[in-house]
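K.L.:
Below: one structure in structure tokens.
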Amino acid sequence: MTNNNASSSSTDPVATTWQQGLSTLLHPRVATMLFLGFSAGVPILLIFSSLSLWLREAGVERAAVTFFSWAALGYSFKFIWAPLIDQLPVPLLTKLLGRRRAWLLVSQLLVMVSIAIMASVDPASASDALTMMAVGAVMLGFSSATQDIVIDAYRIESAPMNLQAMMSSTYIAGYRIGMVIAGAGALYLADYFGSTKATYNYAAWQTTYLIMAATMLVGVVTTFVISEPQVAVTQDAERTASTALSGTENVRILGVFVVGVASFIALFGMVGDVADGLRAQWSVGPLSSFVLESLRLLLSLGGAVLVGSTLVQLGVAPVSLAKRTWLAPVNDFFQRYGHSTAWLVLALIGLYRISDIVLGVISNVFYQDMGFSKPEIAAAVKTYGVLIGIAGSILGGIVATRVGVMRTLMWGALLSALTNLAFVALAMAGHDVAMMYAVVSADNLAAGFASAAFVAFLSSLTNVSFTAVQYAIFSSLMTLLPKTLGGYSGGMVEVWGYPYFFVLTTIIGLPVLWLVHMAGKRLAVKT
């Protein structure tokens with residue numbers, strides 16, 4: 001079967017000289033991705049590691065801290081509303097800026113508002129403070145994931161294929177810089193303003209998060225400076241000429257989505273009450289809780305899909321529009337690869353990063369529990385570790401072009417699982433700065449190596465007709481299960497301790513090796 005990929009050439013050796021390759025860095029579109037990458041890299045650590053240290057300093061229990069990682073599940077469900085970003089205009093702004101830039105500006109402003117909401121709450125002040133903090137964190141996850149959707153679409157549409165590799169490189173560089181600012185920078189600032197594990201200071205964290213919100217102005221300014229991709233301009237003109245989507249149809253399809261989301265929230269709460277009752281009657285451990293919450297998630301999603309499809313069948317939104325929006329990209333993927341291979345590939349995507357993501361949710365809390373200070377964590381993990389991760393990504397890209405993506409995927413999966421065992425040694429050693437740097441080196445080098453091959457693999461799976469939506473599906477699935485399981489990492493540590501938990505993260509990564517092997521055999525025939 002022929003694989004009509006949008007980016008199948010991305011894994012091929014680049015037939016240019018080093019001088020030609022470096023000269024593309026000066027291309028305006030390529031340089032733009034550095035700043036958009038920065039804008040995308042800032043929010044994620046404000047939900048994960050930086051927030052976890054803030055909550056721990058405020059006296060929040062470890063198990064509750066790791067639950068906040070679920071606020072980033074918006075990244076795992078962005079495929080649901082990615083088609084809407086493709087279809088729907090933003091009132092007034094789309095006419096002024098174009099569809100891509102309008103959505104980009106809206107998402108960036110929502111990111112800033114969400115960070116400000118989190119900054120306005122002291123998690124140690126009252127029982128309902130954590131609820132408001134969670135609202136801000138969920139808003140941040142949703143708006144940041146929306147920004148990612150638009151940036152991916154902008155990158156694909158704004159330049160030809162011969163610039164895509166360099167645009168991806170500058171985007172990753174900017175993303176890593178944003179992570180350094182939101183990770184190491186936030187920790188340094190909170191410590192500078194006077195908050196430590198021994199002497200918690202809410203004002204220090206509030207000021208830090210407000211500064212992080214201000215850094216998003218880099219993305220806002222970039223959005224106003226750049227031009228709308230010609231592809232998007234042409235599509236908008238064609239839609240206007242053919243009146244393919246009227247204002248009423250926009251509202252109707254958006255209404256179906258909103259009701260579906262509301263149904264999910266309602267069902268999630270009702271099923272949660274049942275789960276809480278089961279926990280009260282039985283002794284439920286972390287793994288049992290994970291199973292219960294997974295069932296809760298699946299039931300809620302299934303109910304929301306049923307509600308949405310029922311509304312479409314009743315004529316609330318046009319059936320043809322709903323199919324084109326949500327079903328066409330999925331149908332295309334299964335038609336190209338066949339059902340058995342498609343499900344195998346989806347399983348690989350959903351599990352490939354499980355080892356490092358589950359461990360990563362609690363890694364900063366682990367370092368703090370081992371006695372490392374915020375400056376030590378910031379220097380080792382948020383600065384040095386990011387640089388090592390970039391080096392690992394470059395190494396992974398080079399290896400992938402030499403030996404192939406699937407072999408590199410195999411090595412990356414093995415390294416990602418085995419390097420988690422280094423954390424066992426650090427847990428035994430305690431506060432040992434030299435060993436900490438060794439562990440950070442191994443962990444980030446393996447993660448960067450595996451990520452480079454994985455991004456190339458995901459890109460090769462997309463069809464040129466559905467690039468943005470299919471990439472959103474793949475990148476969402478990539479983090480869904482790992483982040484859900486990671487929310488229970490704190491409870492697992494409470495029961496088993498750090499060494500056994502780290503061994504578990506290694507074990508759960510080993511089945512990925514078989515999936516890579518089987519996918520390699522199947523795709524050798526299908527592609």
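Just remember, in the structure tokens the first chain shown is A, the second B, etc., residues are 1-based per chain, and ligands are 1-based in the order shown.
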Per residue of region 20-106 of chain A within 6 Å of region 475-480 of chain A, what are the shortest atom pair and its distance in Å to one decimal, counting only C-alpha atoms, with rows by chain and residue number, as a Markdown table?
P.N.:
| residue | atom | partner | partner_atom | distance |
| --- | --- | --- | --- | --- |
| A:Tyr75 | CA | A:Ser476 | CA | 5.7 |
| A:Ser76 | CA | A:Ser476 | CA | 3.6 |
| A:Phe77 | CA | A:Ser476 | CA | 5.6 |
K.L.:
Those same residues - N, CA, C and O atoms - I'd like them written as a PDB file, in the first residue's frame.
P.N.:
ATOM      1  N   TYR A  75      -3.284  18.421  26.533  1.00  0.00           N
ATOM      2  CA  TYR A  75      -2.365  18.055  25.459  1.00  0.00           C
ATOM      3  C   TYR A  75      -2.738  16.693  24.870  1.00  0.00           C
ATOM      4  O   TYR A  75      -2.490  16.439  23.690  1.00  0.00           O
ATOM      5  N   SER A  76      -3.296  15.827  25.697  1.00  0.00           N
ATOM      6  CA  SER A  76      -3.629  14.483  25.245  1.00  0.00           C
ATOM      7  C   SER A  76      -4.991  14.402  24.561  1.00  0.00           C
ATOM      8  O   SER A  76      -5.294  13.400  23.918  1.00  0.00           O
ATOM      9  N   PHE A  77      -5.807  15.439  24.699  1.00  0.00           N
ATOM     10  CA  PHE A  77      -7.125  15.442  24.068  1.00  0.00           C
ATOM     11  C   PHE A  77      -7.270  16.532  23.003  1.00  0.00           C
ATOM     12  O   PHE A  77      -8.368  16.789  22.526  1.00  0.00           O
TER      13      PHE A  77
END
K.L.:
I want to know what sits within 12 Å of Leu254 (chain A), based on only C-alpha atoms, with residues of the same chain fewer than 4 positions away left out; could you give that as JSON, numbers by chain?
P.N.:
{"A": [80, 81, 83, 84, 85, 87, 88, 89, 90, 247, 248, 249, 250, 258, 259, 260, 261, 308, 311, 312, 316, 317, 318, 321, 322, 325]}
K.L.:
If we count only C-alpha atoms and set the cut-off at 9 Å, which residues sit around Val135 (chain A), ignoring sequence neighbours fewer than 4 positions away in its own chain? Please answer as an NGL selection string.
P.N.:
:A and (71 or 114 or 117-118 or 130-131 or 139-140)
K.L.:
Please provide as an mmCIF file with C-alpha atoms, in the first residue's frame all residues within 8 Å of Ala58 (chain A), with the sequence filter that same-chain residues fewer than 4 positions apart are discarded (counting only C-alpha atoms).
P.N.:
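Written out: around_12.cif:
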data_model
loop_
_atom_site.group_PDB
_atom_site.id
_atom_site.type_symbol
_atom_site.label_atom_id
_atom_site.label_comp_id
_atom_site.auth_asym_id
_atom_site.auth_seq_id
_atom_site.Cartn_x
_atom_site.Cartn_y
_atom_site.Cartn_z
ATOM 1 C CA TRP A 54 5.361 25.314 44.731
ATOM 2 C CA PRO A 123 -2.522 26.892 47.873
ATOM 3 C CA ALA A 124 -1.771 26.991 51.598
ATOM 4 C CA TYR A 200 7.326 29.083 52.351
ATOM 5 C CA TYR A 202 3.402 32.842 48.725
#
K.L.:
Once DSSP has gone over the backbone, tell me which residues of region 222-371 of chain A are in alpha helix (DSSP H), as a PyMOL selection string.
P.N.:
chain A and resi 222-225+230-242+247-281+286-313+319-322+328-337+339-351+354-369
K.L.:
Taking 4 positions as the minimum chain separation for residues in the same chain, which residues sit within 7 Å of Leu421 (chain A) when counting only C-alpha atoms? Answer as a PyMOL selection string.
P.N.:
chain A and resi 502-503+506
K.L.:
Here is a test: counting only C-alpha atoms, which residue of A:Gly509, A:Asp432, A:Thr215, A:Thr462 is nearest to Thr419 (chain A)?
P.N.:
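Checking each candidate against Thr419 (chain A), we get A:Gly509 as the closest.
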K.L.:
Skipping near chain neighbours, those fewer than 3 positions away, what residues fall within 8 Å of region 338-342 of chain A using only C-alpha atoms, listed as a JSON list (two decimals) with C-alpha atoms, in the first residue's frame?
P.N.:
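Writing done, so here's around.json:
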[["chain", "number", "residue", "atom", "x", "y", "z"],
["A", 333, "PHE", "CA", -5.35, 6.55, 8.69],
["A", 334, "PHE", "CA", -7.10, 3.18, 9.01],
["A", 335, "GLN", "CA", -7.66, 2.92, 5.25],
["A", 345, "VAL", "CA", 0.92, 1.63, 15.50],
["A", 346, "LEU", "CA", -1.52, 3.43, 17.80],
["A", 519, "ALA", "CA", 5.59, -2.19, 13.88],
["A", 522, "ARG", "CA", 4.41, -4.38, 9.44],
["A", 523, "LEU", "CA", 5.41, -0.93, 8.18]]
K.L.:
Give me the residues near Gly448 (chain A) as a ChimeraX atom specification, where near means some atom within 12 Å (using only C-alpha atoms) and where sequence neighbours in that chain fewer than 5 positions away do not count.
P.N.:
/A:172,176,353,356,385-397,408-409,411-413,415-416,440-443,453-455
K.L.:
Between CA of Lys382 (chain A) and CA of Ser50 (chain A), what is the distance, to one decimal in Å?
P.N.:
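Value for the CA of Lys382 (chain A)-CA of Ser50 (chain A) distance: 10.1 Å.
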K.L.:
Smallest atom-to-atom distance to Gly174 (chain A): which of A:Met518, A:Val424, A:Ala31, A:Met133, using only C-alpha atoms?
P.N.:
A:Ala31
K.L.:
Give me, please, the distance in Å between CA of Leu351 (chain A) and CA of Leu513 (chain A), quoted to one decimal.
P.N.:
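We find that CA of Leu351 (chain A) and CA of Leu513 (chain A) lie 10.2 Å from each other.
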K.L.:
Looking at A:Val113, A:Leu73, A:Leu445, A:Leu515, which one is nearest to Leu481 (chain A), with distances taken over only C-alpha atoms?
P.N.:
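When distances to Leu481 (chain A) are compared using only C-alpha atoms, the smallest one comes from A:Leu73.
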